[in-house]
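Read through the structure below, which is laid out as structure tokens, and then see the notes.
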Amino acid sequence: MIYHNKRPDEVLSELNTDPKQGLSAAEVEKRRAQYGPNKLKEKKKKTNLQRFAEQFKDVMILILIAAAVVSFVVACVEKNPKEFFEPALILLIVILNAVMGVVQESKAEHALEALQNLSAPHTRVIRDGHEQVIEASELVPGDIIKLEAGDSIPADARLIHSVSLKCEESALTGESVPSEKDATAEVAEDAPLGDRSTMIFSGCSVTYGTALAVVTGTGMDTEMGKIANLLESADEGKTPLQEKLAKLGQILGIVALAACGIIFVIGLLNDIPPLEIFMTAVSLAVSAIPEGLPAIVTVVLSIGVQRMVSKNAIIRRLPAVETLGSASVICSDKTGTLTQNRMTLVRTYCDGKKDAEIFEAGKAVSAETEQLLRLSSLCCDGSVLFEDGKEQHIGDPTETALVLAAHKSGMSKDALNAEFPRVAELPFDSDRKLMTTVNKMNGRLIVITKGAFDMMAQRCVAGDIDAARDMTNTMSADALRVLAVGYKYIDALPDEISSETLECGLTFAGLVAMIDPPRPEAKDAVAICRRAGIKPVMITGDHVVTASAIARELGILMDGDLAITGAELDAMTDSELDAKVEQISVYARVSPENKIRIVKAWQRKNQVVSMTGDGVNDAPALKAADIGCAMGITGTDVAKGAADMTLTDDNFATIVDAVREGRGIYANIKKVVGYLLGTNIGEVITVFVAMLMWHQSPLLSMQLLWINLVTDSLPAIALGMEAVDKDIMDRKPKPKNEGIFANGFGFRTFLQGCMFGGLTLLAFWFGKTYGGVEAGQTMAFIVLAFSQIVQAFNMRSDRSLFKVGPFGNKTLNLATIAVFVLTAVILFVPGINTAFGLILLPAHFYAVAVGLFLVPFVVMEISKAIGLITHHEDQ
């Protein structure tokens, strides 16, 4: 259906809808059944069977399966039933390994899907005569939607009414410059997509102005839907840490393969059956190469990200989790983030008066204040709905505070709009810091402008501006948010609706002052930042006096710190800013361009910067920051799209909590990496050294694979779920480019691997010397398997286990029980132990084995006590 060349009333008639009432709930349900949800077809997901098959793509696994098949064929030829056990067990273990891989992948995918659902876009719609906020996926053709700067366009729609509307359509048309839109324009039927100025399109965004539109197409019936099948879906990128670990895995793989090659040659030279030594060498390679490390890291990241959701932080990109742990500067907006964003009008000041008037809901106000509130409410896009005695604020909190104050003074927003209809407007933007409307009032046209006092003062030609400036400073010093209101009458609308034609020659009407108290938790969060070596910085569009008062109360502005304005920042060169940036704690009256300069200045100091933002103009700063944080409540869709993280409660304390969780996730990944690499190194050293010394393998292929399946996977995932250390925010941030193996961590991991190898070799020697090769292999298996479980507990913390509580990780406790039970079954159940090449041992052998696998616990506790293992952040 073609709509762009039709008049709005024709389109409304065709879609059988009303611009004031919208669709009824019953009609919405009927149309949803007809058109389906407003979603593009999703990329087909992999089935569990496909995922299972992909687990066998690894070359080493395929070689192992091939070896098992050869072993099976040999057993068939020799007709020896006992020979069937080994290949059957190897295949079973490989299949179990693949199943675990599928479970891990599914877990990670479900976690990320849940996050995508949480960050689903919303839109404002008129239904049953009321404005509502709904999920964009619930839209149907005929819905009436309202849009403003920063909104993502949720569906294709024909404009009914628009004011200075511009849309960014590069995703659809390739045009880098925003397209101008006009509801009243005449467009040819054959106009190309980029010239259809009466239409707005799904997947694009509003960069300026406001609009009322009727939805004409949803889901696959949109212009974006038509080309959806041609769009290539971006591959899921790996995080920097995953890429480093993948490279490390390749290096270790080469080392392990070289070791296995040498082991195979030594075995052949010492008359070990070729198939047996080949199976042992390949099994060692499969066990030693940490091919699952990047996947386990993904699982740990996604579990951590899910945990962050409960703390009101939605992570959009996994690399942000790693970066969060290094955050050293948090630049935060004031309103709603450091303060409660519960704006309440408390004072008014009318031009010509000596003093401000205290505003209290329900109490009569002077005629002058009533007119000031009338003008203020008319110059607002925000609205307040009243349902079942509850207030629902829609739009900017500053505006809804004014609308509510007027309502409580007997002037409802709807009644004012009906009596004094708006005929033109200039939407607010962060450069002008003003908003203007033109309304019909008493047979004349009145221009009403509201916004920042210093911007308003320049545009007023009547009124006592000096007295108003003093009053603004007085109110701001009391931490009040102050807006100025001005007006003028005009005979006719100018040909061009612009700031130059409307926002000039104004008469100053008065000031409205609102309080937005600091969040109680913000002060504590700032104190935590200071302890954690993080510099908190306040960035606001507010008056510098207001900002400084709140910053001082919260502990952001300390003695000796500076508070500067955007104008002062503009006057500084980059080198001057670099010299002072560490002393500046408050930036007031800033523009979005200022934010980028602040970010860059800190980054030149090699700091990791987190920046908050909510407006469409904040998007570049959010992208420039190491961690962009968008506001979930007041934030625009464009800001959320540019950010790495969305705060669902717009709260500064949430950023600090997210940093804490980020540090915890990184610490857990480090534990998992240290654990897996240390134990893998132990396995390689054990087999390699034994083959060199005794020309015998201390572990058979299925024993190695069992250790790989049970003692690698289960405890590793459990370690990744370790609770965040209580003192993690008492440490300094991790330097920006510090690798995971910095501060001796890599060397300690290698030494721990040597310890496991040495203990296992000692166990093999003891068993072999006093009970034969099978006893030696059984001893080696017990010590290697159980010492790895002990090591999982050791890796829980850099502090003594007795200080953190040895059994504080319930998941690790369950993993340990599962490992003990399963390993006990293959050690002691007749038939099963034989299949694994294990035998029952004398009691004192088990006592020696227990003594040996507890050695890592004793060694690590001593190392922690004497300071060989310390928090790397403290070094």
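Labels used: A, B, ... for chains in the order of the structure tokens, numbers from 1 for residues in each chain, and numbers from 1 for ligands as shown.
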Practice task
Mind the document's chain letters and residue numbers, and return as JSON, numbers by chain the residues of region 388-542 of chain A that DSSP labels helix (DSSP H, G or I).
Solution key: {"A": [397, 398, 399, 400, 401, 402, 403, 404, 405, 406, 407, 408, 413, 414, 415, 416, 417, 418, 419, 453, 454, 455, 456, 457, 465, 466, 467, 468, 469, 470, 471, 472, 473, 474, 475, 476, 477, 499, 500, 501, 502, 520, 521, 522, 523, 524, 525, 526, 527, 528, 529, 530, 531]}
Considering only C-alpha atoms, give me a table of residues in region 491-557 of chain A that are at most 10 Å from region 605-626 of chain A, with the closest atom pair and distance in Å for each, as a Markdown table.
```
| residue | atom | partner | partner_atom | distance |
| --- | --- | --- | --- | --- |
| A:Ile534 | CA | A:Val608 | CA | 9.7 |
| A:Lys535 | CA | A:Val609 | CA | 9.5 |
| A:Pro536 | CA | A:Ser610 | CA | 9.7 |
| A:Val537 | CA | A:Met611 | CA | 9.4 |
| A:Met538 | CA | A:Thr612 | CA | 10.0 |
| A:Ile539 | CA | A:Thr612 | CA | 8.9 |
```
Those same residues - all heavy atoms - I'd like them written as a compact mmCIF listing (two decimals), in the first residue's frame.
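Done, and the output landed in result-v8.txt:
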```txt
# COMPACT_ATOMS: atom_id res chain seq x y z
N ILE A 534 38.72 5.37 42.30
CA ILE A 534 37.97 5.89 41.15
C ILE A 534 37.62 7.35 41.39
O ILE A 534 37.13 7.70 42.47
CB ILE A 534 36.68 5.07 40.91
CG1 ILE A 534 37.02 3.60 40.63
CG2 ILE A 534 35.86 5.66 39.78
CD1 ILE A 534 35.83 2.67 40.67
N LYS A 535 37.85 8.19 40.40
CA LYS A 535 37.56 9.62 40.53
C LYS A 535 36.13 9.89 40.06
O LYS A 535 35.80 9.68 38.89
CB LYS A 535 38.54 10.41 39.66
CG LYS A 535 38.16 11.85 39.38
CD LYS A 535 38.63 12.80 40.44
CE LYS A 535 38.42 14.26 40.04
NZ LYS A 535 38.75 15.20 41.10
N PRO A 536 35.23 10.35 40.97
CA PRO A 536 33.87 10.71 40.53
C PRO A 536 33.84 12.16 40.02
O PRO A 536 34.42 13.05 40.64
CB PRO A 536 33.04 10.56 41.81
CG PRO A 536 34.01 10.76 42.93
CD PRO A 536 35.39 10.47 42.43
N VAL A 537 33.19 12.37 38.89
CA VAL A 537 33.10 13.71 38.29
C VAL A 537 31.63 13.98 37.96
O VAL A 537 30.96 13.12 37.38
CB VAL A 537 33.95 13.80 37.00
CG1 VAL A 537 33.80 15.17 36.35
CG2 VAL A 537 35.41 13.51 37.30
N MET A 538 31.14 15.18 38.34
CA MET A 538 29.77 15.56 38.03
C MET A 538 29.74 16.41 36.76
O MET A 538 30.49 17.37 36.64
CB MET A 538 29.14 16.35 39.18
CG MET A 538 27.71 16.81 38.89
SD MET A 538 27.08 17.99 40.12
CE MET A 538 26.70 16.89 41.47
N ILE A 539 28.87 16.02 35.83
CA ILE A 539 28.68 16.80 34.61
C ILE A 539 27.19 17.14 34.51
O ILE A 539 26.35 16.24 34.58
CB ILE A 539 29.13 16.00 33.37
CG1 ILE A 539 30.64 15.72 33.47
CG2 ILE A 539 28.81 16.75 32.10
CD1 ILE A 539 31.20 14.94 32.31
```
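Closest approach to Ala484 (chain A) among A:Ala527, A:Leu375, A:Leu62, A:Val848: A:Leu375, based on only C-alpha atoms.
In this comparison, which uses only C-alpha atoms, the residue of A:Gln50, A:Ser302, A:Ser71, A:Asn97 approaching Ile665 (chain A) most closely is A:Ser302.
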Exercise for the section: With a distance cut-off of 10 Å and only C-alpha atoms, select the neighbouring residues of Ala468 (chain A), excluding the residue or stretch itself and same-chain residues fewer than 5 positions from it, and output the selection as a list of chain:residue names. Expected result: A:Tyr349, A:Cys350, A:Asp351, A:Gly352, A:Lys353, A:Lys354, A:Phe453, A:Ala457, A:Gly463, A:Asn473, A:Thr474, A:Ala484, A:Phe508, A:Ala509, A:Gly510, A:Leu511
Exercise for the section: With a distance cut-off of 10 Å and only C-alpha atoms, select the neighbouring residues of Asp221 (chain A), excluding the residue or stretch itself and same-chain residues fewer than 2 positions from it, and output the selection as number ranges by chain. Expected result: A: 1, 35, 38-40, 155-156, 216-219, 223-226
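Shell of Glu582 (chain A) at 12 Å, with only C-alpha atoms counted and residues fewer than 4 places along the chain excluded, is Ser328, Val329, Ile534, Lys535, Pro536, Val537, Gly560, Asp561, Leu562, Ala563, Glu576, Leu577, Asp578, Val586, Ile598, Val599, Ala601, Trp602, Gln603, Arg604, Lys605 and Gln607 of chain A.
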Practice task
Can you pull out every residue within 7 Å of Pro517 (chain A), counting only C-alpha atoms, but drop anything in the same chain fewer than 2 positions away, and send it as JSON, numbers by chain?
Solution key: {"A": [339, 340, 515, 519]}
Using only C-alpha atoms, determine which residues lie at most 9 Å from Glu360 (chain A), disregarding the query and same-chain residues fewer than 5 positions distant; provide the list as a JSON list (two decimals) with N, CA and C atoms, in the first residue's frame.
```json
[["chain", "number", "residue", "atom", "x", "y", "z"],
["A", 345, "LEU", "N", 8.09, 21.41, 42.30],
["A", 345, "LEU", "CA", 8.14, 22.87, 42.33],
["A", 345, "LEU", "C", 8.02, 23.34, 43.78],
["A", 346, "VAL", "N", 8.98, 24.17, 44.21],
["A", 346, "VAL", "CA", 8.94, 24.64, 45.61],
["A", 346, "VAL", "C", 8.91, 26.17, 45.71],
["A", 347, "ARG", "N", 9.42, 26.87, 44.68],
["A", 347, "ARG", "CA", 9.40, 28.34, 44.73],
["A", 347, "ARG", "C", 9.12, 28.91, 43.35],
["A", 365, "VAL", "N", -2.49, 30.55, 45.09],
["A", 365, "VAL", "CA", -1.31, 31.29, 44.64],
["A", 365, "VAL", "C", -1.74, 32.66, 44.13],
["A", 405, "ALA", "N", 2.29, 21.04, 39.01],
["A", 405, "ALA", "CA", 2.06, 22.24, 39.83],
["A", 405, "ALA", "C", 0.88, 23.04, 39.28]]
```
